[in-house]
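*Asks:* There's a structure below that I have some questions on.
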Amino acid sequence: MCRFKLFIVMVSTRYLMSIRSNYSLVNMVFSRYHFGMTIERIEQLIERLSGLLRGDVRALLSDEGLQPVQLEALAYLARANRYSDTPKGVTEYLGQTKGTVSQTLKVLESRELLVKVPDIEDRRVTHLRLTDRGRELLARARPAPLLQAAAGEMSTQALLELGEQLTELLKAMQKANQFRCFDQCSGCKYNAPIAGGEYWCNLAEEPLSSAEVKLICREFSAP
Ligand code: SF4
């Protein structure tokens with residue numbers, strides 16, 4: 001009797017373990033294959049798109065002797081608000097080391113594409129502002145000519161849907177990695193409209209202009 005009970009317990013345990021492992025296998029397969037599109041394929045597409053964009057920008061920047069990452073720093077600074085247009089903000093946004101970003105900023109400054117402006121209240125903080133030359137270069141390179149040409153071949157609806165899906169993917173990846181969001185100030189939970197078409201930041205406890213709320217912020221927090 002005792003042996004029989006032991007046998008039943010062993011068989012039941014094996015059965016339960018097999019259900020559990022099948023369930024995780026199904027989950028794993030389901031999360032990797034969505035309607036024929038594998039995660040690997042999505043990754044390949046993103047890598048290919050990044051490669052094409054980088055190649056296009058590299059060709060455009062070759063006359064200037066600049067690298068795509070230096071243009072990325074410029075593009076970030078053109079959109080960053082006063083809490084984010086600092087060397088630290090660039091480092092966090094690009095996900096690079098402090099030393100690499102420092103070299104990038106030195107090159108941009110020596111080419112007169114940006115200038116360093118000390119903060120009025122806190123002299124330890126340095127803001128990085130684009131010069132007219134920097135803005136002019138950015139206007140020539142962004143959006144990348146290749147991307148503009150490709151967008152011209154797509155319908156408005158398709159571009160809208162693509163933009164929404166890429167935003168969703170970016171948000172999910174930021175959430176998964178607990179990265180800073182760097183999103184537009186107007187959608188932040190700390191942003192509060194006040195009288196006269198102006199806004200108030202409940203985190204910094206400072207007013208924000210209507211132009212500033214269109215910029216991106218390293219302190220952005222989703223509602
Ligand atoms: S409201 Fe949010 S996004 Fe805007 S400045 Fe304040 S913290 Fe940054």
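Please note that chains go A, B, ... in the order of the structure tokens, that every chain numbers its residues from 1, and that ligands are numbered from 1 in the order shown.
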Counting only C-alpha atoms, what is within 7 Å of segment 183-186 of chain A, bar same-chain residues fewer than 5 positions away, as a ChimeraX atom specification?
*Replies:* /A:191,213-217,220
*Asks:* For the strand (DSSP E) assignment from backbone DSSP, which residues of segment 83-146 of chain A qualify? Please present them as JSON, numbers by chain.
*Replies:* {"A": [114, 115, 116, 117, 118, 126, 127, 128, 129, 130]}
*Asks:* Just list the residues in chain A DSSP gives alpha helix (DSSP H) on the backbone, as a count of residues only.
*Replies:* 127
*Asks:* Could you list, as a PyMOL selection string, all the residues within 12 Å of ligand 1, counting only C-alpha atoms and all ligand atoms?
*Replies:* chain A and resi 80-85+180-193+198-223
*Asks:* Output the selection as a compact mmCIF listing (two decimals), in the first residue's frame - N, CA and C atoms for each residue.
*Replies:*
```
# COMPACT_ATOMS: atom_id res chain seq x y z
N ALA A 80 16.16 69.60 -26.26
CA ALA A 80 16.19 69.43 -24.81
C ALA A 80 15.82 70.72 -24.08
N ASN A 81 15.09 70.60 -22.96
CA ASN A 81 14.72 71.80 -22.20
C ASN A 81 15.86 72.21 -21.27
N ARG A 82 15.65 73.24 -20.48
CA ARG A 82 16.74 73.81 -19.66
C ARG A 82 17.22 72.88 -18.54
N TYR A 83 16.43 71.85 -18.21
CA TYR A 83 16.87 70.88 -17.18
C TYR A 83 17.66 69.74 -17.82
N SER A 84 17.69 69.73 -19.15
CA SER A 84 18.25 68.57 -19.85
C SER A 84 19.38 68.90 -20.83
N ASP A 85 19.60 70.21 -21.12
CA ASP A 85 20.62 70.57 -22.12
C ASP A 85 22.01 70.69 -21.51
N ARG A 180 15.60 56.57 -18.20
CA ARG A 180 14.87 57.83 -18.19
C ARG A 180 14.10 57.93 -19.50
N CYS A 181 12.91 58.54 -19.43
CA CYS A 181 12.05 58.55 -20.62
C CYS A 181 12.40 59.60 -21.66
N PHE A 182 12.89 60.77 -21.25
CA PHE A 182 13.22 61.86 -22.18
C PHE A 182 12.05 62.14 -23.12
N ASP A 183 10.91 62.41 -22.55
CA ASP A 183 9.76 62.67 -23.43
C ASP A 183 9.35 64.14 -23.34
N GLN A 184 8.36 64.49 -24.20
CA GLN A 184 7.92 65.89 -24.27
C GLN A 184 7.25 66.34 -22.97
N CYS A 185 7.69 67.50 -22.51
CA CYS A 185 7.24 68.04 -21.22
C CYS A 185 5.71 68.10 -21.09
N SER A 186 5.01 68.44 -22.18
CA SER A 186 3.56 68.63 -22.10
C SER A 186 2.83 67.39 -21.58
N GLY A 187 3.41 66.19 -21.75
CA GLY A 187 2.73 64.97 -21.31
C GLY A 187 3.17 64.48 -19.95
N CYS A 188 3.97 65.26 -19.24
CA CYS A 188 4.54 64.81 -17.96
C CYS A 188 3.54 64.98 -16.82
N LYS A 189 3.64 64.09 -15.83
CA LYS A 189 2.69 64.16 -14.70
C LYS A 189 2.94 65.39 -13.82
N TYR A 190 4.13 65.98 -13.91
CA TYR A 190 4.43 67.17 -13.09
C TYR A 190 4.01 68.46 -13.78
N ASN A 191 3.55 68.36 -15.03
CA ASN A 191 3.20 69.56 -15.79
C ASN A 191 1.76 69.99 -15.47
N ALA A 192 1.62 71.24 -15.02
CA ALA A 192 0.27 71.74 -14.70
C ALA A 192 0.04 73.07 -15.41
N PRO A 193 -1.06 73.17 -16.21
CA PRO A 193 -1.35 74.45 -16.86
C PRO A 193 -1.76 75.49 -15.82
N GLU A 198 0.39 79.73 -19.71
CA GLU A 198 1.69 79.28 -19.20
C GLU A 198 1.51 77.96 -18.42
N TYR A 199 2.62 77.37 -18.01
CA TYR A 199 2.58 76.07 -17.31
C TYR A 199 3.46 76.15 -16.06
N TRP A 200 3.29 75.13 -15.21
CA TRP A 200 4.06 75.07 -13.97
C TRP A 200 4.64 73.66 -13.81
N CYS A 201 5.93 73.59 -13.48
CA CYS A 201 6.54 72.27 -13.23
C CYS A 201 6.47 72.00 -11.73
N ASN A 202 5.71 70.98 -11.36
CA ASN A 202 5.56 70.66 -9.94
C ASN A 202 6.78 69.95 -9.36
N LEU A 203 7.73 69.57 -10.19
CA LEU A 203 8.95 68.92 -9.69
C LEU A 203 10.00 70.00 -9.39
N ALA A 204 10.26 70.85 -10.40
CA ALA A 204 11.26 71.91 -10.21
C ALA A 204 10.67 73.12 -9.49
N GLU A 205 9.33 73.15 -9.42
CA GLU A 205 8.59 74.28 -8.84
C GLU A 205 9.00 75.59 -9.50
N GLU A 206 8.89 75.57 -10.83
CA GLU A 206 9.22 76.75 -11.63
C GLU A 206 8.22 76.86 -12.77
N PRO A 207 8.02 78.10 -13.29
CA PRO A 207 7.11 78.24 -14.43
C PRO A 207 7.74 77.74 -15.72
N LEU A 208 6.89 77.35 -16.65
CA LEU A 208 7.36 76.88 -17.97
C LEU A 208 6.59 77.65 -19.03
N SER A 209 7.29 78.06 -20.08
CA SER A 209 6.59 78.78 -21.15
C SER A 209 5.93 77.77 -22.09
N SER A 210 5.03 78.28 -22.96
CA SER A 210 4.36 77.36 -23.89
C SER A 210 5.36 76.75 -24.88
N ALA A 211 6.46 77.48 -25.15
CA ALA A 211 7.49 76.92 -26.05
C ALA A 211 8.27 75.82 -25.33
N GLU A 212 8.53 76.01 -24.03
CA GLU A 212 9.32 75.02 -23.29
C GLU A 212 8.61 73.68 -23.15
N VAL A 213 7.28 73.71 -23.04
CA VAL A 213 6.58 72.43 -22.83
C VAL A 213 6.59 71.55 -24.09
N LYS A 214 7.06 72.12 -25.21
CA LYS A 214 7.17 71.29 -26.43
C LYS A 214 8.52 70.57 -26.48
N LEU A 215 9.42 70.92 -25.56
CA LEU A 215 10.77 70.32 -25.57
C LEU A 215 10.78 69.03 -24.75
N ILE A 216 11.87 68.25 -24.87
CA ILE A 216 11.96 67.01 -24.10
C ILE A 216 12.74 67.26 -22.81
N CYS A 217 12.46 66.42 -21.82
CA CYS A 217 13.04 66.63 -20.48
C CYS A 217 13.55 65.30 -19.92
N ARG A 218 14.72 65.35 -19.26
CA ARG A 218 15.29 64.12 -18.68
C ARG A 218 14.54 63.69 -17.42
N GLU A 219 13.74 64.61 -16.85
CA GLU A 219 12.97 64.27 -15.64
C GLU A 219 11.55 63.84 -15.96
N PHE A 220 11.23 63.73 -17.24
CA PHE A 220 9.86 63.39 -17.65
C PHE A 220 9.37 62.15 -16.90
N SER A 221 8.11 62.23 -16.46
CA SER A 221 7.51 61.08 -15.79
C SER A 221 6.09 60.90 -16.33
N ALA A 222 5.80 59.69 -16.79
CA ALA A 222 4.48 59.44 -17.40
C ALA A 222 3.39 59.52 -16.33
N PRO A 223 2.20 60.08 -16.70
CA PRO A 223 1.11 60.19 -15.72
C PRO A 223 0.62 58.82 -15.28
```
*Asks:* Need to verify the contact set: segment 131-145 of chain A, 9 Å, only C-alpha atoms, exclusion of same-chain residues closer than 3 positions in sequence. Can you return it as number ranges by chain?
*Replies:* A: 53-54, 56-57, 60-61, 71, 74-75, 78, 108, 111-115, 148-150
*Asks:* Could the residues in this selection be written to a file with N, CA and C atoms, as a PDB file, in the first residue's frame?
*Replies:*
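Saved the output as out.pdb:
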```
ATOM      1  N   LEU A  53      20.140  54.510 -41.944  1.00  0.00           N
ATOM      2  CA  LEU A  53      20.076  55.922 -41.549  1.00  0.00           C
ATOM      3  C   LEU A  53      21.464  56.460 -41.235  1.00  0.00           C
ATOM      4  N   ARG A  54      22.261  55.644 -40.508  1.00  0.00           N
ATOM      5  CA  ARG A  54      23.613  56.081 -40.136  1.00  0.00           C
ATOM      6  C   ARG A  54      24.471  56.284 -41.389  1.00  0.00           C
ATOM      7  N   ASP A  56      23.435  57.016 -44.408  1.00  0.00           N
ATOM      8  CA  ASP A  56      22.954  58.200 -45.126  1.00  0.00           C
ATOM      9  C   ASP A  56      23.500  59.475 -44.485  1.00  0.00           C
ATOM     10  N   VAL A  57      23.423  59.527 -43.138  1.00  0.00           N
ATOM     11  CA  VAL A  57      23.897  60.712 -42.412  1.00  0.00           C
ATOM     12  C   VAL A  57      25.421  60.832 -42.526  1.00  0.00           C
ATOM     13  N   LEU A  60      26.376  62.442 -45.652  1.00  0.00           N
ATOM     14  CA  LEU A  60      26.057  63.877 -45.614  1.00  0.00           C
ATOM     15  C   LEU A  60      27.036  64.666 -44.749  1.00  0.00           C
ATOM     16  N   LEU A  61      27.559  64.005 -43.696  1.00  0.00           N
ATOM     17  CA  LEU A  61      28.445  64.704 -42.755  1.00  0.00           C
ATOM     18  C   LEU A  61      29.913  64.630 -43.143  1.00  0.00           C
ATOM     19  N   LEU A  71      26.150  64.236 -34.534  1.00  0.00           N
ATOM     20  CA  LEU A  71      24.894  64.835 -34.991  1.00  0.00           C
ATOM     21  C   LEU A  71      23.754  64.462 -34.037  1.00  0.00           C
ATOM     22  N   LEU A  74      23.796  66.804 -31.211  1.00  0.00           N
ATOM     23  CA  LEU A  74      23.249  68.105 -31.628  1.00  0.00           C
ATOM     24  C   LEU A  74      21.724  68.051 -31.696  1.00  0.00           C
ATOM     25  N   ALA A  75      21.209  66.976 -32.296  1.00  0.00           N
ATOM     26  CA  ALA A  75      19.758  66.824 -32.455  1.00  0.00           C
ATOM     27  C   ALA A  75      19.084  66.756 -31.084  1.00  0.00           C
ATOM     28  N   ALA A  78      19.029  70.247 -29.468  1.00  0.00           N
ATOM     29  CA  ALA A  78      18.060  71.152 -30.101  1.00  0.00           C
ATOM     30  C   ALA A  78      16.660  70.952 -29.528  1.00  0.00           C
ATOM     31  N   LEU A 108      32.170  69.316 -31.162  1.00  0.00           N
ATOM     32  CA  LEU A 108      31.068  70.199 -31.577  1.00  0.00           C
ATOM     33  C   LEU A 108      31.358  71.663 -31.221  1.00  0.00           C
ATOM     34  N   ARG A 111      34.036  73.095 -33.547  1.00  0.00           N
ATOM     35  CA  ARG A 111      33.500  73.406 -34.900  1.00  0.00           C
ATOM     36  C   ARG A 111      32.469  74.535 -34.865  1.00  0.00           C
ATOM     37  N   GLU A 112      32.333  75.139 -33.695  1.00  0.00           N
ATOM     38  CA  GLU A 112      31.386  76.247 -33.484  1.00  0.00           C
ATOM     39  C   GLU A 112      29.945  75.845 -33.808  1.00  0.00           C
ATOM     40  N   LEU A 113      29.619  74.604 -33.444  1.00  0.00           N
ATOM     41  CA  LEU A 113      28.251  74.122 -33.645  1.00  0.00           C
ATOM     42  C   LEU A 113      27.436  74.277 -32.362  1.00  0.00           C
ATOM     43  N   LEU A 114      28.144  74.376 -31.226  1.00  0.00           N
ATOM     44  CA  LEU A 114      27.465  74.658 -29.952  1.00  0.00           C
ATOM     45  C   LEU A 114      28.353  75.518 -29.064  1.00  0.00           C
ATOM     46  N   VAL A 115      27.703  76.159 -28.089  1.00  0.00           N
ATOM     47  CA  VAL A 115      28.466  76.951 -27.103  1.00  0.00           C
ATOM     48  C   VAL A 115      28.034  76.536 -25.699  1.00  0.00           C
ATOM     49  N   GLN A 148      13.253  60.685 -45.586  1.00  0.00           N
ATOM     50  CA  GLN A 148      12.248  61.561 -46.219  1.00  0.00           C
ATOM     51  C   GLN A 148      11.759  60.945 -47.524  1.00  0.00           C
ATOM     52  N   ALA A 149      12.710  60.399 -48.307  1.00  0.00           N
ATOM     53  CA  ALA A 149      12.347  59.792 -49.591  1.00  0.00           C
ATOM     54  C   ALA A 149      11.442  58.577 -49.372  1.00  0.00           C
ATOM     55  N   ALA A 150      11.781  57.753 -48.355  1.00  0.00           N
ATOM     56  CA  ALA A 150      10.989  56.552 -48.070  1.00  0.00           C
ATOM     57  C   ALA A 150       9.590  56.940 -47.576  1.00  0.00           C
TER      58      ALA A 150
END
```
*Asks:* Could you check the closest approach to Ala73 of chain A for each of A:Val107, A:Ile46, A:Ala59, A:Leu159 and tell me which residue wins, using only C-alpha atoms?
*Replies:*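 Counting only C-alpha atoms, the residue closest to Ala73 of chain A is A:Val107.
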*Asks:* Mind giving me the straight-line distance from atom CA of Gln70 of chain A to atom CA of Thr91 of chain A in Å, one decimal?
*Replies:*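 Going from atom CA of Gln70 of chain A over to atom CA of Thr91 of chain A, I get 12.0 Å.
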*Asks:* Distance atom CA of Tyr93 of chain A-atom CA of Tyr76 of chain A, one decimal place?
*Replies:* 7.8 Å
*Asks:* In Å, rounded to a single decimal, give me how far atom CA of Val125 of chain A is from atom CA of Val90 of chain A.
*Replies:* 13.5 Å
